[in-house]
Amino acid sequence: MSRDGLRIGIVGAGEVTRKRHIPGFRAIPGVELVGVCNSRRESTVRVAREFEIPRTYGNWEELVYDPEIDAVVIGAWPFLHCPVTLAALGAGKHVLTQARMAMNAREAQRMLDRAREAPDLVSMVVPSPYGLIGETFMRSLIDDGFVGPLRELHVDSLNGDLADPETPMSWRQKTKYSGFNMLTVGIVYEAVLRWVAPASRVLAYAAKMVETRFDPESGKIGRVGTPDSVQVLTTQHDGSQGVYRFSGVLSHGRSMSIAMYGADGTLIYDLLRDEIKGAKRGAALRRIPIPEETQRGWNVEADFVAAVRGERPVTHTDFTTGVRYMQFTEAVARSSRHQTPVSLPLQEFSNPSL
């Protein structure tokens with residue numbers, strides 16, 4: 001690899017990879033997309049032709065160990081994130097992996113441990129897109145004391161994407177592909193971590209309102225693997241209390257927001273509209289415009305390349321942050337399964353089949 005040149009291979013060119021990553025990388029001078037491998041040969045060839053990617057591979061191992069590739073972008077489902085990451089780092093490749101980071105906390109920790117063994121290689125997770133536009137401004141409001149000591153955190157991520165029982169089962173609802181990941185638990189908690197202290201205790205309840213769906217993979221009706229309704233109570237490390245509501249079965253309840261209620265004021269971030277409302281204690285809530293000069297947005301591909309070139313470190317999202325949200329996700333799964341509180345960080349890793 002030259003100082004500015006970067007040759008990228010793609011394992012799993014799904015929708016996000018095709019719509020965001022490939023155009024993003026192609027816009028950066030010196031970056032070449034040189035290889036691709038999808039789960040099926042015909043899909044691999046189709047993507048290669050569409051985006052003029054010169055090399056195709058019969059399996060991901062061939063791509064990872066190709067000496068002509070400098071970095072691996074993992075757009076596959078979570079069940080492949082850990083094995084491909086470990087192999088790529090072991091082969092001396094930089095890694096950008098799609099969210100969610102892994103199937104479970106054990107896998108995420110293995111990925112972080114391997115990344116620490118290769119400090120000269122960049123290891124990055126595609127960040128949660130929610131709240132990026134207003135992240136810097138929200139941080140400045142909090143740092144300036146707008147909220148004061150946090151008392152309560154209220155987080156909603158509600159929609160009706162799974163409300164219709166006739167909606168076919170997706171890979172996200174299969175534990176063999178998604179692991180402990182459920183709904184938007186990890187991706188929203190990652191956004192919360194940008195402004196709020198990590199959770200130290202979790203008490204959760206999860207349910208499957210629609211227990212069976214048509215499975216296109218088998219062509220039959222099958223049991224759904226992951227919950228479609230999740231409620232979580234948390235205690236943060238700063239002593240504040242949190243309430244999370246996640247659902248995919250609310251036909252008329254679409255919302256996604258993070259609300260911080262402090263001793264001195266309130267801030268509410270609408271993650272779907274990128275709008276902030278706030279008020280000091282005793283005043284009425286009002287919209288607080290996000291200054292244009294502070295707005296960030298999607299810079300994933302440019303951030304990854306800049307980190308590889310040594311221009312700036314990874315900030316959105318490093319493997320340490322990925323481990324933190326994977327531990328939270330697993331804590332939610334454990335607590336809901338056993339109906340008991342779970343402390344964070346986890347002191348041991350459970351059997352992935354829990």
# chains A, B, ... in the order shown; residues from 1 in each chain; ligands from 1
$ residues_around --residues "Pro149 (chain A)" --least-positions-apart "2" --cutoff "7 Å" --atoms "only C-alpha atoms" --output "VMD selection string"
chain A and resid 147 151 262 to 263
$ select_by_dssp --residues "region 27-259 of chain A" --states "helix (DSSP H, G or I)" --output "PyMOL selection string"
chain A and resi 41-51+60-64+78-90+105-117+135-143+171-173+175-178+185-193
$ residues_around --residues "Ala279 (chain A)" --least-positions-apart "2" --cutoff "6 Å" --atoms "only C-alpha atoms" --output "PyMOL selection string"
chain A and resi 265-266+283-285
$ atom_distance --atom1 "CA of Val34 (chain A)" --atom2 "CA of Pro78 (chain A)"
23.1 Å
$ atom_distance --atom1 "CA of Gly24 (chain A)" --atom2 "CA of His94 (chain A)"
17.0 Å
$ residues_around --residues "Ala199 (chain A)" --least-positions-apart "5" --cutoff "12 Å" --atoms "only C-alpha atoms" --output "PyMOL selection string"
chain A and resi 153+189-190+192-193+232-244+324-325+327-329+331-332+341-346
$ closest_residue --among "A:Met101, A:Val73, A:Gly219, A:Thr85" --to "Arg114 (chain A)" --atoms "only C-alpha atoms"
A:Thr85
$ select_by_dssp --residues "region 52-164 of chain A" --states "strand (DSSP E)" --output "ChimeraX atom specification"
/A:55-56,71-74,94-97,123-125,150-158
$ write_last_selection --atoms "C-alpha atoms" --output "PDB file, in the first residue's frame"
ATOM      1  CA  ARG A  55     -11.937  -9.288  -8.909  1.00  0.00           C
ATOM      2  CA  THR A  56     -14.488 -11.790  -7.633  1.00  0.00           C
ATOM      3  CA  ALA A  71      -8.414  -3.291   3.717  1.00  0.00           C
ATOM      4  CA  VAL A  72     -11.562  -5.378   4.113  1.00  0.00           C
ATOM      5  CA  VAL A  73     -15.059  -3.904   4.316  1.00  0.00           C
ATOM      6  CA  ILE A  74     -17.494  -6.365   5.922  1.00  0.00           C
ATOM      7  CA  HIS A  94      -7.448  -2.841   7.970  1.00  0.00           C
ATOM      8  CA  VAL A  95     -11.101  -3.583   8.830  1.00  0.00           C
ATOM      9  CA  LEU A  96     -14.361  -1.673   8.532  1.00  0.00           C
ATOM     10  CA  THR A  97     -17.290  -3.821   9.642  1.00  0.00           C
ATOM     11  CA  SER A 123     -10.366  -1.368  13.177  1.00  0.00           C
ATOM     12  CA  MET A 124     -13.665   0.470  12.836  1.00  0.00           C
ATOM     13  CA  VAL A 125     -17.381  -0.281  13.063  1.00  0.00           C
ATOM     14  CA  LEU A 150     -28.891  14.096  34.769  1.00  0.00           C
ATOM     15  CA  ARG A 151     -31.877  12.665  36.602  1.00  0.00           C
ATOM     16  CA  GLU A 152     -33.731  10.585  34.037  1.00  0.00           C
ATOM     17  CA  LEU A 153     -33.081   9.335  30.513  1.00  0.00           C
ATOM     18  CA  HIS A 154     -36.059   8.380  28.312  1.00  0.00           C
ATOM     19  CA  VAL A 155     -35.339   6.626  25.019  1.00  0.00           C
ATOM     20  CA  ASP A 156     -37.947   5.574  22.429  1.00  0.00           C
ATOM     21  CA  SER A 157     -37.462   3.610  19.214  1.00  0.00           C
ATOM     22  CA  LEU A 158     -40.916   2.669  18.031  1.00  0.00           C
TER      23      LEU A 158
END
$ closest_residue --among "A:Val16, A:Val300, A:Ala87, A:Val47" --to "Thr317 (chain A)" --atoms "only C-alpha atoms"
A:Val300
$ residues_around --residues "Tyr177 (chain A)" --least-positions-apart "6" --cutoff "8 Å" --atoms "only C-alpha atoms" --output "ChimeraX atom specification"
/A:77-79,103,171
$ closest_residue --among "A:Arg309, A:Lys220, A:Arg20, A:Arg194" --to "Ser140 (chain A)" --atoms "only C-alpha atoms"
A:Arg194
$ residues_around --residues "Asp161 (chain A)" --least-positions-apart "2" --cutoff "10 Å" --atoms "only C-alpha atoms" --output "PDB file with C-alpha atoms, in the first residue's frame"
ATOM      1  CA  LEU A 158     -40.916   2.669  18.031  1.00  0.00           C
ATOM      2  CA  ASN A 159     -42.322   1.721  14.624  1.00  0.00           C
ATOM      3  CA  ALA A 163     -46.937  -4.931  12.897  1.00  0.00           C
ATOM      4  CA  ASP A 164     -48.365  -6.954  10.015  1.00  0.00           C
ATOM      5  CA  THR A 167     -44.637  -9.483   6.801  1.00  0.00           C
ATOM      6  CA  ASP A 228     -40.361  -7.465  18.441  1.00  0.00           C
ATOM      7  CA  SER A 247     -40.993  -1.909  19.370  1.00  0.00           C
ATOM      8  CA  GLY A 248     -41.586  -2.958  15.795  1.00  0.00           C
ATOM      9  CA  VAL A 249     -45.287  -3.684  16.184  1.00  0.00           C
ATOM     10  CA  LEU A 250     -46.851  -0.242  16.774  1.00  0.00           C
ATOM     11  CA  SER A 251     -48.828   0.684  13.668  1.00  0.00           C
ATOM     12  CA  ARG A 254     -43.447   5.737  14.936  1.00  0.00           C
TER      13      ARG A 254
END
$ closest_residue --among "A:Arg273, A:Ile10, A:Ala76, A:Pro54" --to "Ser39 (chain A)" --atoms "only C-alpha atoms"
A:Ala76
$ closest_residue --among "A:Glu211, A:Glu52, A:Glu301, A:Asp66" --to "Lys93 (chain A)" --atoms "only C-alpha atoms"
A:Asp66
